[in-house]
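Source file: protein.cif; contents: mmCIF, C-alpha atoms.
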data_input
#
loop_
_atom_site.label_atom_id
_atom_site.label_comp_id
_atom_site.auth_asym_id
_atom_site.auth_seq_id
_atom_site.Cartn_x
_atom_site.Cartn_y
_atom_site.Cartn_z
CA MET A 830 46.26 57.36 -104.94
CA LYS A 831 50.01 56.74 -104.86
CA CYS A 832 52.72 58.45 -106.91
CA GLN A 833 53.79 56.30 -109.85
CA LYS A 834 57.46 57.14 -109.28
CA CYS A 835 58.04 56.97 -105.50
CA ASN A 836 54.80 55.70 -103.85
CA LYS A 837 54.12 58.93 -101.92
CA SER A 838 50.63 60.35 -102.01
CA ALA A 839 49.87 61.64 -105.54
CA THR A 840 48.70 65.24 -105.60
CA PHE A 841 49.27 65.97 -109.31
CA HIS A 842 47.34 64.19 -112.03
CA ILE A 843 48.88 64.97 -115.40
CA THR A 844 47.46 63.98 -118.75
CA ASP A 845 50.14 64.26 -121.43
CA LEU A 846 49.16 64.01 -125.08
CA THR A 847 52.05 62.33 -126.87
CA GLY A 848 52.44 61.23 -130.47
CA ASP A 849 51.64 57.64 -129.43
CA GLY A 850 48.50 58.53 -127.45
CA VAL A 851 47.47 59.72 -124.02
CA LEU A 852 49.80 59.31 -121.05
CA ALA A 853 48.15 59.68 -117.63
CA LEU A 854 50.51 60.28 -114.72
CA HIS A 855 49.78 60.44 -111.00
CA LEU A 856 52.70 62.08 -109.22
CA CYS A 857 53.64 63.60 -105.86
CA SER A 858 54.70 67.25 -105.84
CA ASP A 859 58.45 66.44 -105.95
CA CYS A 860 58.17 64.02 -108.85
CA ALA A 861 55.82 66.38 -110.70
CA LYS A 862 58.34 69.20 -110.34
CA HIS A 863 61.08 67.00 -111.85
CA TYR A 864 58.75 65.78 -114.61
CA LEU A 865 57.59 69.28 -115.59
CA GLN A 866 61.04 70.92 -115.32
CA PRO A 867 63.60 69.63 -117.83
CA GLU A 868 66.90 68.65 -116.17
CA THR A 869 69.02 70.45 -118.78
CA GLU A 870 68.05 73.87 -117.38
CA SER A 871 69.80 75.19 -114.34
CA ILE A 872 67.71 75.09 -111.17
CA GLU A 873 68.32 78.71 -110.13
CA ALA A 874 67.56 80.45 -113.45
CA PRO A 875 63.94 79.29 -113.84
CA GLU A 876 63.15 80.22 -110.26
CA ILE A 877 64.52 83.76 -110.68
CA THR A 878 62.87 84.30 -114.05
CA GLY A 879 59.68 82.79 -112.71
CA VAL A 880 59.67 85.18 -109.76
CA LEU A 881 60.40 88.17 -112.01
CA SER A 882 57.74 87.26 -114.55
CA GLN A 883 55.23 86.65 -111.76
CA GLN A 884 56.04 90.05 -110.26
CA LEU A 885 55.61 91.75 -113.65
CA LYS A 886 52.25 90.01 -114.12
CA LEU A 887 51.11 91.16 -110.67
CA GLU A 888 52.15 94.75 -111.38
CA GLN A 889 50.33 94.71 -114.73
CA THR A 890 47.28 93.16 -113.10
CA ALA A 891 47.31 95.82 -110.36
CA GLU A 892 47.47 98.59 -112.99
CA ASP A 893 44.64 96.99 -114.98
CA LEU A 894 42.54 96.63 -111.83
CA GLN A 895 43.17 100.25 -110.84
CA THR A 896 42.06 101.42 -114.30
CA LEU A 897 38.99 99.20 -114.15
CA ASP A 898 38.10 100.31 -110.62
CA ALA A 899 38.00 103.94 -111.80
CA ARG A 900 35.37 103.27 -114.50
CA GLU A 901 31.89 104.55 -113.60
CA CYS A 902 28.52 103.76 -115.11
CA PRO A 903 27.19 106.86 -116.90
CA ILE A 904 23.61 106.09 -115.76
CA CYS A 905 23.87 105.35 -112.03
CA GLY A 906 27.45 106.47 -111.33
CA ILE A 907 28.58 103.27 -109.58
CA SER A 908 32.26 102.46 -110.05
CA PHE A 909 33.61 98.98 -110.56
CA TYR A 910 35.44 99.39 -107.24
CA GLU A 911 32.12 100.02 -105.48
CA PHE A 912 30.70 96.92 -107.13
CA ARG A 913 33.65 94.83 -105.96
CA GLN A 914 33.23 96.12 -102.41
CA ALA A 915 29.43 95.81 -102.14
CA GLY A 916 28.85 92.90 -104.52
CA ARG A 917 25.89 94.76 -106.06
CA LEU A 918 25.45 96.67 -109.26
CA GLY A 919 23.66 100.02 -109.37
CA CYS A 920 21.38 99.65 -112.41
CA PRO A 921 20.59 97.26 -115.28
CA HIS A 922 22.89 99.25 -117.60
CA ASP A 923 25.87 98.09 -115.50
CA TYR A 924 25.54 94.64 -117.08
CA VAL A 925 26.17 96.30 -120.45
CA PHE A 926 28.76 98.83 -119.27
CA PHE A 927 30.84 96.32 -117.26
CA GLY A 928 29.87 93.39 -119.50
CA ASP A 929 33.35 92.19 -120.45
CA GLU A 930 34.44 92.15 -116.82
CA LEU A 931 31.23 90.58 -115.48
CA GLU A 932 30.83 87.78 -118.01
CA PRO A 933 33.56 85.47 -116.60
CA LEU A 934 32.20 86.07 -113.10
CA LEU A 935 28.62 85.25 -114.13
CA VAL A 936 29.66 82.14 -116.02
CA SER A 937 31.74 80.86 -113.09
CA VAL A 938 28.97 81.52 -110.55
CA HIS A 939 25.89 80.53 -112.57
CA GLY A 940 27.33 78.30 -115.27
CA SER A 941 25.88 80.54 -117.99
CA ASN A 942 25.58 84.18 -118.92
CA GLU A 943 21.90 84.01 -119.89
CA HIS A 944 18.93 84.05 -117.53
CA THR A 945 16.96 80.81 -117.61
CA GLY A 946 14.58 81.31 -114.67
CA LYS A 947 11.32 83.13 -114.14
CA HIS A 948 10.69 86.71 -115.21
CA PRO A 949 8.63 89.19 -113.18
CA VAL A 950 4.99 89.49 -114.20
CA ARG A 951 5.09 93.26 -113.77
CA GLY A 952 7.98 95.48 -114.67
CA ALA A 953 10.10 96.33 -117.66
CA TYR A 954 10.74 93.38 -119.92
CA ASP A 955 14.19 94.45 -120.96
CA ALA A 956 17.21 96.14 -119.46
CA GLN A 957 17.04 98.94 -122.01
CA SER A 958 13.61 100.10 -120.74
CA GLN A 959 14.79 99.92 -117.13
CA THR A 960 17.90 101.91 -117.96
CA GLU A 961 15.85 104.54 -119.78
CA LEU A 962 13.54 104.88 -116.76
CA ILE A 963 16.49 105.34 -114.40
CA ARG A 964 18.02 107.96 -116.70
CA LEU A 965 14.72 109.83 -117.06
CA ARG A 966 14.07 109.83 -113.31
CA SER A 967 17.54 111.26 -112.71
CA GLU A 968 16.95 113.96 -115.33
CA MET A 969 13.58 114.79 -113.78
CA LYS A 970 15.16 115.25 -110.33
CA GLN A 971 17.78 117.54 -111.83
CA ALA A 972 15.09 119.58 -113.65
CA VAL A 973 13.10 119.97 -110.41
CA SER A 974 16.22 121.05 -108.52
CA ARG A 975 16.85 123.68 -111.24
CA GLU A 976 13.18 124.64 -110.92
CA ASP A 977 12.65 123.88 -114.61
CA TYR A 978 9.14 122.50 -114.06
CA GLU A 979 8.15 122.42 -117.73
CA LYS A 980 11.10 120.14 -118.50
CA ALA A 981 10.28 118.01 -115.42
CA GLN A 982 6.66 117.69 -116.60
CA SER A 983 7.79 116.61 -120.06
CA ILE A 984 10.12 114.00 -118.55
CA ARG A 985 7.35 112.81 -116.19
CA ASP A 986 5.10 112.23 -119.22
CA GLN A 987 7.84 110.21 -120.91
CA ILE A 988 8.22 108.10 -117.76
CA ARG A 989 4.47 107.49 -117.59
CA ALA A 990 4.41 106.46 -121.24
CA ILE A 991 7.16 103.89 -120.68
CA GLU A 992 5.57 102.62 -117.45
CA GLY A 993 2.13 102.44 -119.07
CA HIS A 994 3.57 100.42 -121.94
CA ARG A 995 5.34 97.96 -119.65
CA ARG A 996 2.27 97.48 -117.37
CA GLN A 997 0.53 95.66 -120.17
CA SER A 998 1.47 92.02 -119.94
CA PRO A 999 2.63 90.34 -123.15
CA ASN A 1000 -0.62 88.32 -123.24
CA GLU A 1001 -2.94 91.35 -123.02
CA PRO A 1002 -4.17 92.93 -126.23
CA SER A 1003 -2.88 96.43 -126.95
#
Now, as a test, write the supplied structure out as structure tokens.
Amino acid sequence: MKCQKCNKSATFHITDLTGDGVLALHLCSDCAKHYLQPETESIEAPEITGVLSQQLKLEQTAEDLQTLDARECPICGISFYEFRQAGRLGCPHDYVFFGDELEPLLVSVHGSNEHTGKHPVRGAYDAQSQTELIRLRSEMKQAVSREDYEKAQSIRDQIRAIEGHRRQSPNEPS
């Protein structure tokens, strides 16, 4: 497609909503720059302020990212930095703990933030049960390492109760 102003190749397609209606423009990069930048402003000032504001945004973004990277899941201990490096979460609770940060990523990758596919026949039916099992298993390991076998036995029984409950499929009678 050609630029409507100078017949170069159009790389910007601008839809401008005016009081009279919709104005669709197809412009090359030079003509788009002139169209989007009013001529009354000096040329040097917007460039300098633009560079400064961009730098401030980058610094703020870097600080925000550093703060986010330091956050760790209380269940599995994975940090957001580790997730960004490996591309994998540590436990189902991470979807809750890092939810605000993960939602835009999930929506952009999958088009939705809700699962619409198949569910496993066996296994916990919800993330809360899975998270509880992970937490209990971690506590049981700690109890065994402290040689607190009574506490470990109690935790083991809790784990078995949860696993026994989830082994029943939703269609089986209780």
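Taking CA of Ala972 in chain A and CA of Tyr910 in chain A as endpoints, the distance between them is 29.4 Å.
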Quick one: residues within 9 Å of Leu897 in chain A, only C-alpha atoms, excluding same-chain residues fewer than 5 positions away - as a short mmCIF file (atom, residue, chain, number, x, y, z; two decimals) with C-alpha atoms, keeping the file's coordinate frame?
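Result saved to selection.cif:
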data_model
loop_
_atom_site.label_atom_id
_atom_site.label_comp_id
_atom_site.auth_asym_id
_atom_site.auth_seq_id
_atom_site.Cartn_x
_atom_site.Cartn_y
_atom_site.Cartn_z
CA GLU A 892 47.47 98.59 -112.99
CA SER A 908 32.26 102.46 -110.05
CA PHE A 909 33.61 98.98 -110.56
CA TYR A 910 35.44 99.39 -107.24
CA GLU A 930 34.44 92.15 -116.82
#
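Here CA of Arg989 in chain A and CA of Gln971 in chain A stand 17.6 Å from one another.
For the pair CA of Leu965 in chain A and CA of Asp929 in chain A, the interatomic distance is 25.9 Å.
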Practice task
With a distance cut-off of 6 Å and all atoms listed in the file, select the neighbouring residues of range 856-862 of chain A, excluding the residue or stretch itself and same-chain residues fewer than 5 positions from it, and output the selection as number ranges by chain.
Solution key: A: 832-833, 838-841
Practice task
Excluding Cys902 in chain A and residues on its chain fewer than 5 positions from it, collect all residues at most 12 Å away from it, counting only C-alpha atoms, and give them as a ChimeraX atom specification.
Solution key: /A:897,907-912,918-928,960,964
